[in-house]
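Source file: input-v7.csv; contents: CSV, C-alpha atoms.
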```csv
chain,number,residue,atom,x,y,z
H,1,MET,CA,65.0,17.8,-45.1
H,2,ASN,CA,67.3,19.6,-42.7
H,3,THR,CA,70.1,21.9,-43.8
H,4,ILE,CA,73.5,20.3,-43.1
H,5,GLN,CA,76.3,22.2,-41.5
H,6,ILE,CA,79.8,21.3,-42.7
H,7,ASN,CA,83.1,22.6,-41.4
H,8,PRO,CA,85.9,22.5,-43.9
H,9,ILE,CA,88.9,20.2,-43.1
H,10,GLY,CA,91.3,22.6,-44.8
H,11,TYR,CA,91.7,24.7,-48.0
H,12,ILE,CA,93.5,24.8,-51.3
H,13,GLU,CA,96.5,27.0,-51.9
H,14,ARG,CA,97.9,27.6,-55.4
H,15,LYS,CA,99.5,30.3,-57.4
H,16,SER,CA,96.6,32.2,-58.7
H,17,ILE,CA,97.3,33.0,-62.3
H,18,GLU,CA,94.0,34.2,-63.7
H,19,GLU,CA,94.1,32.6,-67.1
H,20,ASN,CA,95.1,29.1,-66.0
H,21,ASP,CA,93.5,29.3,-62.7
H,22,LYS,CA,91.9,25.9,-63.1
H,23,ASP,CA,94.7,24.3,-65.1
H,24,ARG,CA,95.1,20.7,-64.0
H,25,SER,CA,98.8,20.4,-64.7
H,26,LEU,CA,99.7,22.8,-61.9
H,27,ILE,CA,100.6,21.6,-58.5
H,28,SER,CA,98.3,22.7,-55.7
H,29,LYS,CA,98.9,22.6,-52.0
H,30,ILE,CA,96.1,21.3,-49.7
H,31,ILE,CA,96.5,22.8,-46.2
H,32,ILE,CA,94.7,20.6,-43.7
H,33,ASN,CA,93.7,21.9,-40.3
H,34,GLU,CA,96.5,21.2,-37.8
H,35,SER,CA,94.1,19.4,-35.5
H,36,LEU,CA,93.7,16.7,-38.2
H,37,ILE,CA,97.4,15.9,-38.8
H,38,LYS,CA,97.1,12.4,-37.4
H,39,ALA,CA,94.2,11.6,-39.8
H,40,LEU,CA,96.7,11.9,-42.7
H,41,ASP,CA,99.0,9.1,-41.4
H,42,GLY,CA,99.8,6.7,-44.2
H,43,ILE,CA,98.1,8.7,-47.0
H,44,ASN,CA,101.3,8.8,-49.0
H,45,ASP,CA,101.1,5.1,-49.6
H,46,PHE,CA,98.4,6.0,-52.1
H,47,SER,CA,99.5,7.5,-55.4
H,48,HIS,CA,96.0,9.0,-56.1
H,49,ILE,CA,93.3,10.5,-53.9
H,50,TYR,CA,90.0,12.1,-54.4
H,51,ILE,CA,89.6,15.7,-53.2
H,52,ILE,CA,86.0,16.8,-52.3
H,53,PHE,CA,85.8,20.6,-52.2
H,54,TRP,CA,83.3,23.4,-52.0
H,55,MET,CA,83.4,25.7,-55.0
H,56,ASP,CA,82.6,28.8,-53.0
H,57,LYS,CA,83.0,31.2,-55.9
H,58,ILE,CA,80.0,29.6,-57.7
H,59,LYS,CA,77.0,31.8,-57.1
H,60,ASP,CA,74.8,30.8,-60.0
H,61,THR,CA,72.9,27.6,-60.4
H,62,SER,CA,70.9,26.2,-63.3
H,63,TYR,CA,68.8,23.2,-64.2
H,64,LEU,CA,70.0,22.9,-67.8
H,65,HIS,CA,73.5,23.4,-69.3
H,66,HIS,CA,74.7,23.4,-72.8
H,67,PRO,CA,77.8,21.2,-72.8
H,68,GLY,CA,79.7,22.8,-75.7
H,69,LYS,CA,78.9,25.8,-77.9
H,70,THR,CA,80.8,24.4,-80.8
H,71,ILE,CA,78.9,21.1,-81.0
H,72,ASP,CA,75.5,20.4,-82.2
H,73,SER,CA,73.8,19.2,-79.0
H,74,LYS,CA,70.9,20.4,-77.0
H,75,PRO,CA,71.1,21.5,-73.3
H,76,VAL,CA,71.2,18.6,-70.8
H,77,GLY,CA,70.4,18.5,-67.1
H,78,ILE,CA,73.0,19.8,-64.9
H,79,PHE,CA,73.4,16.5,-63.0
H,80,ALA,CA,74.4,14.9,-66.4
H,81,THR,CA,77.4,17.3,-66.6
H,82,ARG,CA,80.5,18.2,-64.6
H,83,ALA,CA,79.7,21.9,-65.0
H,84,PRO,CA,80.3,23.5,-61.5
H,85,ILE,CA,76.8,25.2,-61.3
H,86,HIS,CA,75.2,22.3,-59.5
H,87,PRO,CA,72.6,23.2,-56.7
H,88,ASN,CA,75.4,22.3,-54.3
H,89,PRO,CA,78.7,23.3,-55.8
H,90,ILE,CA,80.7,20.3,-54.6
H,91,GLY,CA,83.9,19.6,-56.5
H,92,LEU,CA,85.1,16.0,-56.9
H,93,THR,CA,88.6,15.6,-58.5
H,94,LEU,CA,90.9,12.7,-58.7
H,95,VAL,CA,94.5,14.0,-58.2
H,96,GLU,CA,98.0,12.6,-58.0
H,97,LEU,CA,99.5,12.9,-54.6
H,98,ILE,CA,103.0,14.2,-55.0
H,99,LYS,CA,104.1,14.7,-51.5
H,100,HIS,CA,102.9,14.7,-47.9
H,101,GLU,CA,104.5,16.6,-45.1
H,102,ALA,CA,102.8,17.4,-41.7
H,103,ASN,CA,99.5,19.0,-42.5
H,104,VAL,CA,100.2,19.8,-46.2
H,105,LEU,CA,99.6,17.7,-49.3
H,106,TRP,CA,101.1,18.6,-52.7
H,107,VAL,CA,98.8,17.3,-55.5
H,108,ARG,CA,98.7,17.5,-59.3
H,109,GLY,CA,95.4,17.6,-61.2
H,110,LEU,CA,93.2,19.8,-59.1
H,111,ASP,CA,90.9,22.1,-61.0
H,112,ALA,CA,90.1,24.5,-58.2
H,113,HIS,CA,90.8,28.1,-57.3
H,114,ASP,CA,93.2,29.3,-54.6
H,115,GLY,CA,91.4,29.5,-51.2
H,116,THR,CA,88.8,26.8,-52.0
H,117,PRO,CA,87.6,25.0,-48.8
H,118,VAL,CA,88.2,21.3,-48.7
H,119,LEU,CA,85.4,19.0,-47.3
H,120,ASP,CA,86.9,15.5,-47.4
H,121,ILE,CA,89.7,13.4,-48.8
H,122,LYS,CA,89.3,9.8,-49.9
H,123,PRO,CA,91.9,7.2,-51.2
H,124,TYR,CA,91.6,5.9,-54.7
H,125,PRO,CA,90.4,3.5,-55.9
H,126,ASP,CA,87.4,2.2,-53.9
H,127,TRP,CA,88.1,-1.2,-52.5
H,128,GLU,CA,85.8,-4.0,-51.4
H,129,HIS,CA,86.2,-7.6,-50.4
H,130,GLY,CA,89.9,-7.6,-51.4
H,131,LYS,CA,89.6,-6.1,-54.8
H,132,CYS,CA,89.4,-2.6,-56.2
H,133,ILE,CA,86.3,-1.3,-57.8
H,134,LEU,CA,87.1,0.2,-61.1
H,135,VAL,CA,84.6,0.5,-63.9
H,136,ASP,CA,86.0,0.2,-67.4
H,137,ASP,CA,82.9,-0.9,-69.1
H,138,PHE,CA,80.7,2.3,-69.1
H,139,ARG,CA,78.4,4.1,-71.4
H,140,VAL,CA,78.4,7.9,-71.9
H,141,PRO,CA,76.3,10.2,-74.1
H,142,ASN,CA,77.5,11.0,-77.7
H,143,TRP,CA,77.7,14.7,-76.9
H,144,LEU,CA,80.4,14.0,-74.3
H,145,LYS,CA,82.7,12.4,-76.9
H,146,LYS,CA,82.7,15.6,-79.0
H,147,ILE,CA,83.7,18.1,-76.4
K,1,MET,CA,87.0,29.1,-42.1
K,2,ASN,CA,83.3,29.5,-42.2
K,3,THR,CA,80.8,26.8,-41.7
K,4,ILE,CA,79.1,25.8,-45.0
K,5,GLN,CA,75.4,25.2,-45.2
K,6,ILE,CA,74.2,22.5,-47.6
K,7,ASN,CA,70.7,21.7,-48.5
K,8,PRO,CA,70.3,18.0,-49.7
K,9,ILE,CA,69.1,17.6,-53.3
K,10,GLY,CA,67.2,14.4,-52.3
K,11,TYR,CA,67.5,11.2,-50.2
K,12,ILE,CA,68.1,7.5,-50.6
K,13,GLU,CA,65.2,5.0,-50.3
K,14,ARG,CA,65.9,1.3,-49.9
K,15,LYS,CA,64.4,-1.7,-48.2
K,16,SER,CA,66.0,-1.6,-44.8
K,17,ILE,CA,67.1,-5.1,-43.9
K,18,GLU,CA,69.3,-4.7,-40.9
K,19,GLU,CA,72.0,-7.3,-41.7
K,20,ASN,CA,72.6,-6.3,-45.3
K,21,ASP,CA,71.7,-2.6,-44.9
K,22,LYS,CA,74.8,-1.6,-46.8
K,23,ASP,CA,74.9,-4.5,-49.3
K,24,ARG,CA,76.0,-3.1,-52.6
K,25,SER,CA,74.1,-5.6,-54.7
K,26,LEU,CA,70.7,-4.3,-53.6
K,27,ILE,CA,68.9,-1.7,-55.7
K,28,SER,CA,68.4,1.7,-54.1
K,29,LYS,CA,66.1,4.5,-55.2
K,30,ILE,CA,67.3,8.0,-55.1
K,31,ILE,CA,64.4,10.5,-54.7
K,32,ILE,CA,65.4,13.9,-56.0
K,33,ASN,CA,63.5,17.0,-54.9
K,34,GLU,CA,60.8,17.7,-57.4
K,35,SER,CA,62.0,21.2,-58.1
K,36,LEU,CA,65.2,19.7,-59.6
K,37,ILE,CA,63.5,17.3,-62.1
K,38,LYS,CA,64.9,19.3,-65.1
K,39,ALA,CA,68.4,18.9,-63.8
K,40,LEU,CA,68.2,15.2,-64.4
K,41,ASP,CA,67.6,15.5,-68.1
K,42,GLY,CA,69.8,13.2,-70.1
K,43,ILE,CA,71.3,11.5,-67.1
K,44,ASN,CA,70.3,8.0,-68.3
K,45,ASP,CA,72.7,8.4,-71.2
K,46,PHE,CA,75.3,7.5,-68.6
K,47,SER,CA,75.6,3.9,-67.3
K,48,HIS,CA,77.4,4.9,-64.1
K,49,ILE,CA,77.2,7.9,-61.8
K,50,TYR,CA,78.8,9.1,-58.6
K,51,ILE,CA,76.5,9.6,-55.6
K,52,ILE,CA,77.7,12.0,-53.0
K,53,PHE,CA,75.8,11.6,-49.8
K,54,TRP,CA,75.8,12.6,-46.1
K,55,MET,CA,76.1,9.7,-43.7
K,56,ASP,CA,73.9,11.3,-41.1
K,57,LYS,CA,73.9,8.2,-38.8
K,58,ILE,CA,77.7,8.6,-38.2
K,59,LYS,CA,78.1,10.3,-34.9
K,60,ASP,CA,81.7,9.3,-34.1
K,61,THR,CA,84.9,10.5,-35.6
K,62,SER,CA,88.4,9.4,-35.2
K,63,TYR,CA,91.9,10.3,-36.5
K,64,LEU,CA,93.2,6.8,-36.7
K,65,HIS,CA,91.5,3.6,-37.9
K,66,HIS,CA,92.5,0.0,-37.9
K,67,PRO,CA,91.7,-1.2,-41.4
K,68,GLY,CA,91.2,-4.9,-40.6
K,69,LYS,CA,91.2,-6.8,-37.4
K,70,THR,CA,92.3,-10.0,-39.1
K,71,ILE,CA,95.4,-8.5,-40.7
K,72,ASP,CA,98.7,-7.6,-39.3
K,73,SER,CA,98.7,-3.9,-39.9
K,74,LYS,CA,98.9,-0.8,-37.7
K,75,PRO,CA,96.2,1.9,-37.5
K,76,VAL,CA,96.3,4.4,-40.4
K,77,GLY,CA,95.0,7.9,-40.7
K,78,ILE,CA,91.3,8.1,-41.4
K,79,PHE,CA,91.9,10.0,-44.6
K,80,ALA,CA,93.8,7.0,-45.9
K,81,THR,CA,90.7,4.8,-45.5
K,82,ARG,CA,87.2,4.6,-46.7
K,83,ALA,CA,85.9,4.1,-43.2
K,84,PRO,CA,82.8,6.4,-42.7
K,85,ILE,CA,84.1,8.1,-39.6
K,86,HIS,CA,85.7,11.0,-41.4
K,87,PRO,CA,85.4,14.5,-39.8
K,88,ASN,CA,82.8,15.2,-42.4
K,89,PRO,CA,80.9,11.9,-43.0
K,90,ILE,CA,80.6,12.4,-46.8
K,91,GLY,CA,79.9,9.2,-48.8
K,92,LEU,CA,81.2,8.9,-52.3
K,93,THR,CA,80.0,5.8,-54.3
K,94,LEU,CA,80.1,4.9,-57.9
K,95,VAL,CA,76.9,3.2,-58.8
K,96,GLU,CA,75.2,1.7,-61.9
K,97,LEU,CA,72.2,3.7,-63.1
K,98,ILE,CA,69.5,1.2,-63.8
K,99,LYS,CA,66.5,3.5,-64.5
K,100,HIS,CA,65.5,7.1,-64.5
K,101,GLU,CA,61.9,8.2,-64.3
K,102,ALA,CA,60.8,11.7,-63.3
K,103,ASN,CA,62.5,12.6,-60.1
K,104,VAL,CA,63.6,9.0,-59.2
K,105,LEU,CA,66.8,7.2,-60.0
K,106,TRP,CA,67.2,3.4,-59.5
K,107,VAL,CA,70.8,2.5,-58.8
K,108,ARG,CA,72.8,-0.6,-58.0
K,109,GLY,CA,75.9,-0.5,-55.8
K,110,LEU,CA,75.1,2.1,-53.2
K,111,ASP,CA,76.4,1.3,-49.7
K,112,ALA,CA,74.1,3.7,-47.8
K,113,HIS,CA,71.2,3.4,-45.4
K,114,ASP,CA,67.6,4.2,-46.1
K,115,GLY,CA,66.8,7.9,-45.6
K,116,THR,CA,70.4,9.1,-46.2
K,117,PRO,CA,70.5,12.7,-47.6
K,118,VAL,CA,72.0,13.1,-51.0
K,119,LEU,CA,74.2,16.1,-51.7
K,120,ASP,CA,75.2,15.8,-55.3
K,121,ILE,CA,75.3,13.6,-58.4
K,122,LYS,CA,78.0,13.5,-61.0
K,123,PRO,CA,78.4,11.6,-64.2
K,124,TYR,CA,81.2,9.0,-64.6
K,125,PRO,CA,83.9,9.2,-65.7
K,126,ASP,CA,85.5,12.6,-65.5
K,127,TRP,CA,86.2,14.0,-68.9
K,128,GLU,CA,88.5,16.7,-70.2
K,129,HIS,CA,89.7,17.9,-73.6
K,130,GLY,CA,87.8,15.1,-75.4
K,131,LYS,CA,88.9,12.2,-73.4
K,132,CYS,CA,88.0,10.5,-70.2
K,133,ILE,CA,90.2,10.6,-67.1
K,134,LEU,CA,90.6,7.1,-65.8
K,135,VAL,CA,93.6,6.1,-63.7
K,136,ASP,CA,94.7,2.5,-64.1
K,137,ASP,CA,98.2,3.0,-63.0
K,138,PHE,CA,98.0,3.6,-59.3
K,139,ARG,CA,99.7,2.6,-56.1
K,140,VAL,CA,98.0,1.5,-52.9
K,141,PRO,CA,99.2,0.4,-49.5
K,142,ASN,CA,100.0,-3.3,-48.9
K,143,TRP,CA,97.4,-3.5,-46.1
K,144,LEU,CA,94.7,-2.6,-48.5
K,145,LYS,CA,95.4,-5.7,-50.7
K,146,LYS,CA,94.8,-7.9,-47.6
K,147,ILE,CA,91.4,-6.8,-46.6
```
Taking this structure as input, can you express it in the form of structure tokens?
Amino acid sequence: MNTIQINPIGYIERKSIEENDKDRSLISKIIINESLIKALDGINDFSHIYIIFWMDKIKDTSYLHHPGKTIDSKPVGIFATRAPIHPNPIGLTLVELIKHEANVLWVRGLDAHDGTPVLDIKPYPDWEHGKCILVDDFRVPNWLKKI
Amino acid sequence: MNTIQINPIGYIERKSIEENDKDRSLISKIIINESLIKALDGINDFSHIYIIFWMDKIKDTSYLHHPGKTIDSKPVGIFATRAPIHPNPIGLTLVELIKHEANVLWVRGLDAHDGTPVLDIKPYPDWEHGKCILVDDFRVPNWLKKI
């Protein structure tokens, strides 16, 4: 399969305090390329949006990951975890949209470093045939409930 | 900002029937590169996963989109819609994981064409500090409730 070329639509700006660099309670700014301002029209009618970003500081990758050192579990495949060391370090985070002004979005809940490139933005939730698609009835591994 | 190079982790395989090519009720197969088989370990402990894919058949892009021709709404910014014509045509779909065998996943709910490259897979839901992050209390635009 061919390599895909992606141009970021913007980047994340946040006060970079090393120890809580990925703290979700902080507010981040998303600076969108000025050429895309029109594409943000009406986004503030949504309270929540997905941010899809590129974790460019991730250099390692791994096939297996141990989800928690304190729990008695064996390593699981990296696609069964949210650890950032996926083959493609794509971040996917649902955030609260606080404010939109021109080409800047203020959001709460983003676990990403200052300067991270943003690939796409999508409204939440997914919607089809007049109703939203939310899945409340799901199954997760036991190890996940312990971390 | 620099262009990002992404190598797909696999591709989508589905019976291509033109008129319901993106029908979500059909079962799709996701064929993962054989070198990544270990990275799928334990994924079938999740009932639902996100598929992040690259809609390579999308050639157009637009800043504004009219969400529904039958409803009385004005065009909105493309980032406020799930229309595929985003600047980066990244697909994000929550699917039900039916079966996992070696490097193949069978899923229900994927609105993607046969042959679509897959960029990443993430378990659902997001999880932090011992609890899952699900947002039930959200606000959406009025136009969305009418389509």
* **Selected residue of minimal separation from chain H among K:Ile121, K:Ser25, K:Gly68, K:Ile85, counting only C-alpha atoms** =>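 Between K:Ile121, K:Ser25, K:Gly68, K:Ile85, the residue approaching chain H most closely is K:Ile121.
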* **Separation of CA of Lys29 (chain H) from CA of Trp143 (chain K), in Å and rounded to one decimal** =>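 Straight-line distance from CA of Lys29 (chain H) to CA of Trp143 (chain K) works out to 26.8 Å.
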* **From H:Tyr50, H:Thr116, H:Ile133, H:His65, residue lying nearest Leu94 (chain H) [all atoms listed in the file]** => H:Tyr50
Per residue of chain H within 8 Å of chain K, note the shortest atom pair and the distance in Å to one decimal, counting all atoms listed in the file, and order the rows by chain and increasing residue number, as CSV.
```
residue,atom,partner,partner_atom,distance
H:Met1,CA,K:Pro8,CA,7.0
H:Asn2,CA,K:Asn7,CA,7.0
H:Thr3,CA,K:Asn7,CA,4.7
H:Ile4,CA,K:Ile6,CA,5.1
H:Gln5,CA,K:Gln5,CA,4.8
H:Ile6,CA,K:Ile4,CA,5.1
H:Asn7,CA,K:Thr3,CA,4.8
H:Pro8,CA,K:Met1,CA,6.9
H:Ile9,CA,K:Pro87,CA,7.5
H:Leu36,CA,K:Tyr63,CA,6.9
H:Lys38,CA,K:Tyr63,CA,5.7
H:Ala39,CA,K:Gly77,CA,3.9
H:Leu40,CA,K:Gly77,CA,4.8
H:Asp41,CA,K:Gly77,CA,4.2
H:Gly42,CA,K:Val76,CA,5.7
H:Ile43,CA,K:Ala80,CA,4.8
H:Asp45,CA,K:Pro141,CA,5.1
H:Phe46,CA,K:Val140,CA,4.6
H:Ser47,CA,K:Arg139,CA,5.0
H:His48,CA,K:Phe138,CA,6.6
H:Ser62,CA,K:Ala39,CA,7.7
H:Tyr63,CA,K:Ala39,CA,4.3
H:Leu64,CA,K:Ala39,CA,5.9
H:Val76,CA,K:Asp41,CA,5.5
H:Gly77,CA,K:Ala39,CA,3.9
H:Ile78,CA,K:Ala39,CA,4.8
H:Phe79,CA,K:Leu40,CA,5.5
H:Ala80,CA,K:Ile43,CA,4.7
H:Thr81,CA,K:Pro123,CA,6.3
H:Arg82,CA,K:Lys122,CA,6.4
H:His86,CA,K:Asp120,CA,7.7
H:Pro87,CA,K:Ile9,CA,7.4
H:Asn88,CA,K:Asp120,CA,6.6
H:Ile90,CA,K:Asp120,CA,7.1
H:Pro117,CA,K:Met1,CA,7.9
H:Leu119,CA,K:Asn88,CA,6.7
H:Asp120,CA,K:Asn88,CA,6.5
H:Ile121,CA,K:Phe79,CA,5.8
H:Lys122,CA,K:Phe79,CA,5.9
H:Pro123,CA,K:Ala80,CA,5.6
H:Tyr124,CA,K:Val140,CA,8.0
H:Asp126,CA,K:Arg82,CA,7.6
H:Trp127,CA,K:Leu144,CA,7.8
H:Glu128,CA,K:Ile147,CA,7.9
H:His129,CA,K:Ile147,CA,6.5
H:Gly130,CA,K:Ile147,CA,5.1
H:Lys131,CA,K:Lys145,CA,7.1
H:Phe138,CA,K:Ser47,CA,5.6
H:Arg139,CA,K:Ser47,CA,5.0
H:Val140,CA,K:Phe46,CA,4.5
H:Pro141,CA,K:Asp45,CA,5.0
H:Leu144,CA,K:Gly130,CA,7.6
H:Lys145,CA,K:Gly130,CA,6.0
H:Lys146,CA,K:Gly130,CA,6.3
H:Ile147,CA,K:Gly130,CA,5.2
```
* Asked: CA of Glu101 (chain K) to CA of Ser28 (chain K): how many Å, to one decimal?
  ->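 CA of Ser28 (chain K) lies 13.7 Å from CA of Glu101 (chain K).
CA of Lys15 (chain H) is positioned 12.4 Å from CA of Leu110 (chain H).
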* In the coordinate frame of the file, compute which residues have an atom within 10 Å of (101.6, 28.2, -55.0) when using all atoms listed in the file, and state them as an MDAnalysis selection string. => chainID H and resid 12:17 26:29 106 114
Take the residues just selected and output them with C-alpha atoms as a tab-separated table (two decimals), keeping the file's coordinate frame.
```tsv
chain	number	residue	atom	x	y	z
H	12	ILE	CA	93.50	24.80	-51.30
H	13	GLU	CA	96.50	27.00	-51.90
H	14	ARG	CA	97.90	27.60	-55.40
H	15	LYS	CA	99.50	30.30	-57.40
H	16	SER	CA	96.60	32.20	-58.70
H	17	ILE	CA	97.30	33.00	-62.30
H	26	LEU	CA	99.70	22.80	-61.90
H	27	ILE	CA	100.60	21.60	-58.50
H	28	SER	CA	98.30	22.70	-55.70
H	29	LYS	CA	98.90	22.60	-52.00
H	106	TRP	CA	101.10	18.60	-52.70
H	114	ASP	CA	93.20	29.30	-54.60
```
Dump of region 121-144 of chain K from preceding block, N, CA and C atoms, as a tab-separated table (two decimals), in the first residue's frame:
```tsv
chain	number	residue	atom	x	y	z
K	121	ILE	N	-6.35	1.75	14.85
K	121	ILE	CA	-7.47	1.12	15.55
K	121	ILE	C	-7.34	1.49	17.02
K	122	LYS	N	-8.46	1.85	17.64
K	122	LYS	CA	-8.43	2.18	19.07
K	122	LYS	C	-9.60	1.51	19.77
K	123	PRO	N	-9.35	1.03	20.99
K	123	PRO	CA	-10.46	0.42	21.73
K	123	PRO	C	-11.47	1.48	22.18
K	124	TYR	N	-12.70	1.04	22.38
K	124	TYR	CA	-13.78	1.91	22.87
K	124	TYR	C	-14.26	1.39	24.21
K	125	PRO	N	-14.59	2.24	25.18
K	125	PRO	CA	-14.47	3.70	25.13
K	125	PRO	C	-13.11	4.15	25.64
K	126	ASP	N	-12.89	5.45	25.64
K	126	ASP	CA	-11.70	6.01	26.24
K	126	ASP	C	-11.80	5.79	27.75
K	127	TRP	N	-10.67	5.67	28.39
K	127	TRP	CA	-10.64	5.26	29.79
K	127	TRP	C	-9.56	6.07	30.49
K	128	GLU	N	-9.85	6.59	31.66
K	128	GLU	CA	-8.84	7.34	32.39
K	128	GLU	C	-9.10	7.24	33.88
K	129	HIS	N	-8.04	7.03	34.63
K	129	HIS	CA	-8.13	6.95	36.09
K	129	HIS	C	-9.25	5.99	36.53
K	130	GLY	N	-9.29	4.82	35.91
K	130	GLY	CA	-10.20	3.79	36.39
K	130	GLY	C	-11.64	3.93	35.96
K	131	LYS	N	-11.95	4.92	35.14
K	131	LYS	CA	-13.33	4.97	34.64
K	131	LYS	C	-13.37	5.38	33.17
K	132	CYS	N	-14.45	5.01	32.54
K	132	CYS	CA	-14.55	5.30	31.13
K	132	CYS	C	-15.05	6.71	30.92
K	133	ILE	N	-14.65	7.28	29.81
K	133	ILE	CA	-15.05	8.65	29.47
K	133	ILE	C	-16.12	8.55	28.40
K	134	LEU	N	-17.36	8.71	28.83
K	134	LEU	CA	-18.47	8.74	27.89
K	134	LEU	C	-19.22	10.03	28.15
K	135	VAL	N	-19.56	10.73	27.12
K	135	VAL	CA	-20.25	12.01	27.28
K	135	VAL	C	-21.70	11.85	26.83
K	136	ASP	N	-22.62	11.90	27.80
K	136	ASP	CA	-24.04	11.79	27.48
K	136	ASP	C	-24.71	13.15	27.46
K	137	ASP	N	-24.06	14.12	28.07
K	137	ASP	CA	-24.65	15.44	28.23
K	137	ASP	C	-23.99	16.38	27.22
K	138	PHE	N	-24.53	16.38	26.01
K	138	PHE	CA	-23.90	17.16	24.94
K	138	PHE	C	-24.95	18.01	24.24
K	139	ARG	N	-24.48	18.98	23.51
K	139	ARG	CA	-25.34	19.89	22.76
K	139	ARG	C	-24.97	19.79	21.29
K	140	VAL	N	-25.99	19.73	20.43
K	140	VAL	CA	-25.74	19.68	18.98
K	140	VAL	C	-26.61	20.74	18.31
K	141	PRO	N	-26.29	21.11	17.07
K	141	PRO	CA	-27.10	22.13	16.39
K	141	PRO	C	-28.50	21.59	16.07
K	142	ASN	N	-29.46	22.50	15.93
K	142	ASN	CA	-30.82	22.09	15.59
K	142	ASN	C	-30.90	21.40	14.23
K	143	TRP	N	-30.08	21.86	13.28
K	143	TRP	CA	-30.17	21.26	11.94
K	143	TRP	C	-29.85	19.78	11.98
K	144	LEU	N	-28.99	19.38	12.91
K	144	LEU	CA	-28.58	17.99	12.97
K	144	LEU	C	-29.74	17.08	13.38
```
